[in-house]
$ cat target-v5.pdb   # PDB, C-alpha atoms
ATOM      1  CA  MET G 163      29.627  30.568  10.193  1.00  0.00           C
ATOM      2  CA  SER G 164      26.740  32.213  12.005  1.00  0.00           C
ATOM      3  CA  PRO G 165      23.733  30.215  13.240  1.00  0.00           C
ATOM      4  CA  CYS G 166      21.459  32.236  10.936  1.00  0.00           C
ATOM      5  CA  SER G 167      23.349  31.271   7.802  1.00  0.00           C
ATOM      6  CA  THR G 168      23.412  27.648   8.950  1.00  0.00           C
ATOM      7  CA  ARG G 169      19.623  27.679   9.385  1.00  0.00           C
ATOM      8  CA  ALA G 170      19.175  29.307   5.985  1.00  0.00           C
ATOM      9  CA  ARG G 171      21.256  26.582   4.356  1.00  0.00           C
ATOM     10  CA  GLN G 172      19.370  23.861   6.178  1.00  0.00           C
ATOM     11  CA  GLY G 173      16.035  25.408   5.214  1.00  0.00           C
ATOM     12  CA  GLY G 174      17.101  25.555   1.579  1.00  0.00           C
ATOM     13  CA  THR G 175      18.137  21.934   1.719  1.00  0.00           C
ATOM     14  CA  ALA G 176      14.844  20.945   3.309  1.00  0.00           C
ATOM     15  CA  MET G 177      12.906  22.724   0.548  1.00  0.00           C
ATOM     16  CA  ALA G 178      15.019  21.040  -2.137  1.00  0.00           C
ATOM     17  CA  THR G 179      14.470  17.685  -0.453  1.00  0.00           C
ATOM     18  CA  ALA G 180      10.705  18.300  -0.187  1.00  0.00           C
ATOM     19  CA  ARG G 181      10.587  19.167  -3.894  1.00  0.00           C
ATOM     20  CA  GLU G 182      12.637  16.106  -4.811  1.00  0.00           C
ATOM     21  CA  ALA G 183      10.326  13.893  -2.751  1.00  0.00           C
ATOM     22  CA  ALA G 184       7.265  15.448  -4.400  1.00  0.00           C
ATOM     23  CA  GLU G 185       8.780  14.918  -7.860  1.00  0.00           C
ATOM     24  CA  ALA G 186       9.529  11.277  -7.033  1.00  0.00           C
ATOM     25  CA  GLU G 187       5.929  10.734  -5.894  1.00  0.00           C
ATOM     26  CA  PHE G 188       4.602  12.463  -9.014  1.00  0.00           C
ATOM     27  CA  ASN G 189       6.733  10.238 -11.245  1.00  0.00           C
ATOM     28  CA  ARG G 190       5.593   7.153  -9.366  1.00  0.00           C
ATOM     29  CA  PHE G 191       1.930   8.084  -9.899  1.00  0.00           C
ATOM     30  CA  ASP G 192       2.415   9.157 -13.548  1.00  0.00           C
ATOM     31  CA  THR G 193       2.150   5.611 -14.867  1.00  0.00           C
ATOM     32  CA  ASP G 194       2.103   6.536 -18.560  1.00  0.00           C
ATOM     33  CA  GLY G 195       4.999   8.990 -18.202  1.00  0.00           C
ATOM     34  CA  ASP G 196       3.250  11.850 -20.002  1.00  0.00           C
ATOM     35  CA  GLY G 197       4.038  14.430 -17.299  1.00  0.00           C
ATOM     36  CA  LEU G 198       0.401  14.701 -16.239  1.00  0.00           C
ATOM     37  CA  LEU G 199      -1.566  13.052 -13.466  1.00  0.00           C
ATOM     38  CA  THR G 200      -5.083  12.118 -14.406  1.00  0.00           C
ATOM     39  CA  ALA G 201      -7.872  11.198 -12.032  1.00  0.00           C
ATOM     40  CA  ASP G 202      -7.456   7.563 -13.150  1.00  0.00           C
ATOM     41  CA  GLU G 203      -3.740   7.550 -12.295  1.00  0.00           C
ATOM     42  CA  ILE G 204      -4.471   8.985  -8.867  1.00  0.00           C
ATOM     43  CA  ARG G 205      -7.179   6.359  -8.343  1.00  0.00           C
ATOM     44  CA  GLN G 206      -4.746   3.606  -9.377  1.00  0.00           C
ATOM     45  CA  ALA G 207      -2.165   4.870  -6.877  1.00  0.00           C
ATOM     46  CA  ASN G 208      -4.875   4.981  -4.232  1.00  0.00           C
ATOM     47  CA  GLN G 209      -5.964   1.414  -4.994  1.00  0.00           C
ATOM     48  CA  ALA G 210      -2.356   0.266  -4.666  1.00  0.00           C
ATOM     49  CA  LEU G 211      -2.570   1.419  -1.048  1.00  0.00           C
ATOM     50  CA  GLY G 212      -5.314  -1.131  -0.445  1.00  0.00           C
ATOM     51  CA  GLY G 213      -7.766  -0.063   2.240  1.00  0.00           C
ATOM     52  CA  GLN G 214      -5.392   2.645   3.460  1.00  0.00           C
ATOM     53  CA  GLY G 215      -6.071   5.123   0.673  1.00  0.00           C
ATOM     54  CA  ALA G 216      -8.265   8.158   0.220  1.00  0.00           C
ATOM     55  CA  SER G 217     -11.989   8.152  -0.441  1.00  0.00           C
ATOM     56  CA  GLU G 218     -13.354   9.126  -3.853  1.00  0.00           C
ATOM     57  CA  SER G 219     -14.422  12.512  -2.484  1.00  0.00           C
ATOM     58  CA  GLU G 220     -10.917  13.096  -1.089  1.00  0.00           C
ATOM     59  CA  ILE G 221      -9.416  12.240  -4.469  1.00  0.00           C
ATOM     60  CA  GLU G 222     -11.755  14.684  -6.205  1.00  0.00           C
ATOM     61  CA  ALA G 223     -10.920  17.389  -3.628  1.00  0.00           C
ATOM     62  CA  PHE G 224      -7.191  16.783  -4.168  1.00  0.00           C
ATOM     63  CA  ILE G 225      -7.553  17.100  -7.933  1.00  0.00           C
ATOM     64  CA  THR G 226      -9.618  20.260  -7.619  1.00  0.00           C
ATOM     65  CA  SER G 227      -7.155  21.884  -5.221  1.00  0.00           C
ATOM     66  CA  ALA G 228      -4.074  20.888  -7.240  1.00  0.00           C
ATOM     67  CA  ASP G 229      -5.416  21.650 -10.745  1.00  0.00           C
ATOM     68  CA  SER G 230      -4.656  25.375 -10.780  1.00  0.00           C
ATOM     69  CA  ASP G 231      -5.284  25.824 -14.513  1.00  0.00           C
ATOM     70  CA  GLY G 232      -8.542  23.840 -14.534  1.00  0.00           C
ATOM     71  CA  ASP G 233      -7.579  21.465 -17.338  1.00  0.00           C
ATOM     72  CA  GLY G 234      -8.561  18.336 -15.401  1.00  0.00           C
ATOM     73  CA  THR G 235      -4.995  17.080 -15.008  1.00  0.00           C
ATOM     74  CA  ILE G 236      -2.239  17.781 -12.522  1.00  0.00           C
ATOM     75  CA  LYS G 237       1.109  18.870 -13.913  1.00  0.00           C
ATOM     76  CA  LEU G 238       4.356  18.405 -12.000  1.00  0.00           C
ATOM     77  CA  GLU G 239       4.509  22.059 -10.928  1.00  0.00           C
ATOM     78  CA  GLU G 240       0.902  21.935  -9.687  1.00  0.00           C
ATOM     79  CA  PHE G 241       1.655  18.778  -7.701  1.00  0.00           C
ATOM     80  CA  VAL G 242       4.869  20.215  -6.231  1.00  0.00           C
ATOM     81  CA  ALA G 243       3.073  23.441  -5.310  1.00  0.00           C
ATOM     82  CA  LEU G 244       0.469  21.473  -3.393  1.00  0.00           C
ATOM     83  CA  VAL G 245       2.502  18.753  -1.701  1.00  0.00           C
ATOM     84  CA  GLY G 246       6.150  19.711  -1.994  1.00  0.00           C
ATOM     85  CA  GLY G 247       6.652  22.930  -0.076  1.00  0.00           C
ATOM     86  CA  GLY G 248       3.696  24.688  -1.609  1.00  0.00           C
ATOM     87  CA  ARG G 249       0.264  25.906  -0.605  1.00  0.00           C
ATOM     88  CA  HIS G 250      -0.486  23.473   2.182  1.00  0.00           C
ATOM     89  CA  GLU G 251       2.616  24.569   4.115  1.00  0.00           C
ATOM     90  CA  LYS G 252       1.758  28.275   3.924  1.00  0.00           C
ATOM     91  CA  ALA G 253      -1.535  27.899   5.784  1.00  0.00           C
TER      92      ALA G 253
END

$ encode --input "target-v5.pdb" --output "structure tokens"
Amino acid sequence: MSPCSTRARQGGTAMATAREAAEAEFNRFDTDGDGLLTADEIRQANQALGGQGASESEIEAFITSADSDGDGTIKLEEFVALVGGGRHEKA
């Protein structure tokens, strides 16, 4: 097997792993299991971090950047696009 095809396989695996990790985080934050993250659910996850979490303005910025359809919630695909191999990695 050539080194290029090995790297391609590893890259594909890394992307799958990043997506799986993002999905696991999403499911952990989605406390009511409705497939949507609300601002309250994100705040609850942040509070669970104690003093280590994000500020209110950082939470609002995260919601704004992740909510691509502007409905005020974050769907799984929006979350994955932002944190799991999505927009932030293309910059």

$ axis_aligned_box --input "target-v5.pdb" --around "segment 199-214 of chain G" --padding-each-side "6 Å" --output "lines of an AutoDock Vina configuration file"
center_x = -4.7
center_y = 6.0
center_z = -5.5
size_x = 18.3
size_y = 26.2
size_z = 29.9

$ resolve_selection --input "target-v5.pdb" --expression "the PyMOL selection byres ((chain G and resi 188-192) around 12)" --output "NGL selection string"
:G and (181-187 or 193-211 or 235-246)

$ atom_distance --input "target-v5.pdb" --atom1 "atom CA of Ala180 of chain G" --atom2 "atom CA of Ile221 of chain G"
21.4 Å

$ atom_distance --input "target-v5.pdb" --atom1 "atom CA of Glu220 of chain G" --atom2 "atom CA of Gly234 of chain G"
15.4 Å

$ atom_distance --input "target-v5.pdb" --atom1 "atom CA of Gln214 of chain G" --atom2 "atom CA of Ser230 of chain G"
26.8 Å
